[in-house]
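Asker: The structure under discussion is supplied below as structure tokens; questions concerning it will follow.
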Amino acid sequence: MIETHPWPPFLPQNATILFLGSFPPPEKRWSMPFFYPNPQNDFWRIVGFLFFHDKTWFLTPDARRFDQPKIEAFLRKEGIALYDVGRRVERLAGNAADHHLKIVEPVDLAELLRQVPDCRTLVATGQKALEEILRQADVSVPPLKIGEFVEATLARRPVRIYRMPSTSRAYPQSLKKKAAFYRTLFTNREAP
């Protein structure tokens, strides 16, 4: 069965950085109808740890869900945009693992970038996302190591494309080790 992305891109007008995953998990895994919704995913814990020294910062008081309004307010303040590289996908299994996703229709990254004119940094939060970003940027490079970036041109502007560790707990690294890569990314992100 082919699925269409369940929500629109989150593109604050002041965005200077765009995070791109592959595709959301099945709805039964959501704690909110927003990006990185699975409570088992460490994305919001990493961001809370880095910006507020508290990995539970974006959890609701019962610690069972992520606090979407709090997350959206933070993203707008910090100029962080979010979407996924798959607009339409086929799940080959009942999860969101990259090797179980077939992208039927990729998102048009140039169109996304046109909506956030100050964005110069694209961040792949997984291998499938990285492959699609590089394909659309028409970049052929040796495999990037986690934390590395490549300079490219997309939507007629220079961009940096980063490969970051997956925030899925299936990726075998501790939250603190993953956070160290993301800390470097946020420290080095380019202003418009």
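Identifiers in this document derive from the order of the structure tokens: chains are assigned A, B, ..., residues are numbered from 1 separately in each chain, and ligands are numbered from 1 in order of occurrence.
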Counting only C-alpha atoms, which residues of region 12-78 of chain A sit at most 12 Å from some atom of region 148-161 of chain A, and what is each one's closest atom pair with its distance in Å to one decimal, listed by chain and rising residue number, as CSV?
Answerer:
```
residue,atom,partner,partner_atom,distance
A:Thr16,CA,A:Val159,CA,10.3
A:Ile17,CA,A:Arg160,CA,9.5
A:Leu18,CA,A:Ile161,CA,9.7
A:Phe19,CA,A:Ile161,CA,10.0
A:Leu20,CA,A:Ile161,CA,10.4
```
Asker: Generate a file of the selected residues that holds C-alpha atoms, formatted as a short mmCIF file (atom, residue, chain, number, x, y, z; two decimals), in the first residue's frame.
Answerer:
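The resulting file, again21.cif, is reproduced below:
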```
data_model
loop_
_atom_site.label_atom_id
_atom_site.label_comp_id
_atom_site.auth_asym_id
_atom_site.auth_seq_id
_atom_site.Cartn_x
_atom_site.Cartn_y
_atom_site.Cartn_z
CA THR A 16 18.39 28.59 8.35
CA ILE A 17 18.52 24.81 8.76
CA LEU A 18 16.29 22.04 7.37
CA PHE A 19 16.22 18.59 8.96
CA LEU A 20 15.13 15.78 6.64
#
```
Asker: Could you give me, as a ChimeraX atom specification, each residue of region 80-158 of chain A that DSSP assigns to helix (DSSP H, G or I) when run on this structure's backbone?
Answerer: /A:98-100,109-114,127-136
Asker: Any idea what's packed within 12 Å of Lys176 (chain A), counting only C-alpha atoms, ignoring anything in its chain fewer than 3 positions away? Could you give it as a compact mmCIF listing (two decimals) with N, CA and C atoms, in the first residue's frame?
Answerer:
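The resulting file, part.txt, is reproduced below:
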```txt
# COMPACT_ATOMS: atom_id res chain seq x y z
N ASP A 42 14.84 9.37 19.65
CA ASP A 42 15.59 10.27 20.51
C ASP A 42 15.75 11.70 19.98
N PHE A 43 15.16 12.04 18.84
CA PHE A 43 15.39 13.37 18.27
C PHE A 43 15.09 14.49 19.27
N ARG A 45 14.69 14.31 22.47
CA ARG A 45 15.52 14.20 23.67
C ARG A 45 16.90 14.81 23.42
N ILE A 46 17.46 14.57 22.23
CA ILE A 46 18.75 15.15 21.88
C ILE A 46 18.66 16.67 21.85
N VAL A 47 17.63 17.20 21.21
CA VAL A 47 17.47 18.66 21.12
C VAL A 47 17.27 19.26 22.52
N GLY A 48 16.45 18.62 23.34
CA GLY A 48 16.26 19.10 24.71
C GLY A 48 17.55 19.09 25.51
N PHE A 49 18.31 18.03 25.36
CA PHE A 49 19.60 17.88 26.04
C PHE A 49 20.57 18.99 25.61
N LEU A 50 20.63 19.26 24.32
CA LEU A 50 21.59 20.25 23.80
C LEU A 50 21.20 21.69 24.13
N HIS A 53 19.77 21.36 28.43
CA HIS A 53 20.46 20.45 29.37
C HIS A 53 19.47 19.51 30.05
N ASP A 54 18.40 19.14 29.32
CA ASP A 54 17.36 18.28 29.88
C ASP A 54 16.74 17.46 28.76
N LYS A 55 17.06 16.18 28.74
CA LYS A 55 16.55 15.33 27.66
C LYS A 55 15.03 15.15 27.73
N PRO A 165 23.76 11.07 12.64
CA PRO A 165 23.30 9.73 13.04
C PRO A 165 21.79 9.68 13.13
N THR A 167 18.32 9.11 14.74
CA THR A 167 17.88 9.29 16.12
C THR A 167 17.01 8.12 16.59
N PRO A 172 22.65 1.91 16.88
CA PRO A 172 23.36 1.48 18.09
C PRO A 172 24.37 2.50 18.64
N GLN A 173 23.87 3.59 19.17
CA GLN A 173 24.72 4.59 19.82
C GLN A 173 23.94 5.21 20.96
N ALA A 179 24.19 12.97 20.51
CA ALA A 179 24.08 14.40 20.81
C ALA A 179 25.39 15.14 20.50
N ALA A 180 26.53 14.48 20.68
CA ALA A 180 27.82 15.14 20.40
C ALA A 180 27.90 15.54 18.92
N PHE A 181 27.41 14.69 18.02
CA PHE A 181 27.40 15.04 16.59
C PHE A 181 26.47 16.22 16.33
N TYR A 182 25.28 16.17 16.95
CA TYR A 182 24.32 17.25 16.74
C TYR A 182 24.80 18.55 17.37
N ARG A 183 25.54 18.47 18.47
CA ARG A 183 26.10 19.69 19.09
C ARG A 183 27.04 20.38 18.10
```
Asker: Go through A:Gln13, A:Met32, A:Ser174, A:Val104 one by one, measure the shortest atom-to-atom distance of each to Lys70 (chain A) using only C-alpha atoms, and give the residue with the smallest value.
Answerer: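 Answer, going by the shortest atom-to-atom distance: A:Met32.
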Asker: Can I get the residues of region 118-151 of chain A within 7 Å of region 81-101 of chain A, each with the closest pair of atoms and their distance in Å to one decimal, using only C-alpha atoms, sorted chain first then ascending number, as a Markdown table?
Answerer:
```
| residue | atom | partner | partner_atom | distance |
| --- | --- | --- | --- | --- |
| A:Lys128 | CA | A:Asp98 | CA | 5.9 |
| A:Ala129 | CA | A:Val85 | CA | 5.8 |
| A:Glu132 | CA | A:Val85 | CA | 6.6 |
```
Asker: In Å, with one decimal, what is the gap from CA of Thr60 (chain A) to CA of His5 (chain A)?
Answerer: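 Taking CA of Thr60 (chain A) as the start and CA of His5 (chain A) as the end point, the length is 24.9 Å.
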Asker: Give me every strand (DSSP E or B) residue in region 9-129 of chain A, going by DSSP on the backbone, as a list of chain:residue names.
Answerer: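 Taking region 9-129 of chain A and keeping strand (DSSP E or B) only, one gets A:Phe10, A:Ile17, A:Leu18, A:Phe19, A:Leu20, A:Gly21, A:Leu59, A:Phe66, A:Ile80, A:Ala81, A:Leu82, A:Tyr83, A:Asp84, A:Gly86, A:Arg87, A:Arg88, A:Val89, A:Glu90, A:Arg91, A:Leu101, A:Lys102, A:Ile103, A:Val104, A:Glu105, A:Pro106, A:Thr121, A:Leu122, A:Val123, A:Ala124.
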Asker: Could you check the closest approach to Arg76 (chain A) for each of A:Lys145, A:Lys178, A:Asn14, A:Val116 and tell me which residue wins, using only C-alpha atoms?
Answerer: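 Ranked by minimum distance to Arg76 (chain A), first place goes to A:Asn14.
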Asker: Compile the contact shell of Leu130 (chain A) as a VMD selection string: residues with an atom at most 9 Å away, counting only C-alpha atoms, same-chain residues fewer than 6 positions apart removed.
Answerer: chain A and resid 20 to 22 85 123 to 124 161 to 164
Asker: Go ahead and save the residues from that selection, with N, CA, C and O atoms, as a compact mmCIF listing (two decimals), in the first residue's frame.
Answerer:
```txt
# COMPACT_ATOMS: atom_id res chain seq x y z
N LEU A 20 15.89 16.67 7.52
CA LEU A 20 15.13 15.78 6.64
C LEU A 20 15.33 14.33 7.07
O LEU A 20 16.45 13.81 7.06
N GLY A 21 14.23 13.70 7.45
CA GLY A 21 14.23 12.27 7.71
C GLY A 21 13.73 11.56 6.47
O GLY A 21 13.67 12.14 5.38
N SER A 22 13.34 10.30 6.62
CA SER A 22 12.84 9.56 5.47
C SER A 22 11.32 9.65 5.38
O SER A 22 10.77 10.15 4.41
N VAL A 85 12.16 13.22 3.15
CA VAL A 85 12.46 13.12 1.73
C VAL A 85 11.39 12.35 0.96
O VAL A 85 11.30 12.48 -0.26
N VAL A 123 20.11 18.78 6.67
CA VAL A 123 20.60 17.75 7.58
C VAL A 123 19.84 16.46 7.33
O VAL A 123 18.62 16.40 7.50
N ALA A 124 20.56 15.43 6.94
CA ALA A 124 19.97 14.09 6.76
C ALA A 124 20.07 13.35 8.08
O ALA A 124 21.17 13.16 8.60
N ILE A 161 25.31 19.96 3.14
CA ILE A 161 24.50 18.77 3.37
C ILE A 161 25.24 17.91 4.39
O ILE A 161 26.34 17.43 4.13
N TYR A 162 24.63 17.77 5.56
CA TYR A 162 25.23 17.01 6.66
C TYR A 162 24.64 15.61 6.74
O TYR A 162 23.43 15.43 6.55
N ARG A 163 25.48 14.65 7.09
CA ARG A 163 25.02 13.31 7.42
C ARG A 163 25.11 13.17 8.94
O ARG A 163 26.20 13.20 9.51
N MET A 164 23.97 13.03 9.59
CA MET A 164 23.94 12.89 11.03
C MET A 164 23.48 11.48 11.40
O MET A 164 22.89 10.77 10.59
```
Asker: Between A:Leu109, A:Leu185, A:Ile146, A:Leu75, which is the closest to Ala15 (chain A) once you count only C-alpha atoms?
Answerer: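 Nearest to Ala15 (chain A): A:Leu75.
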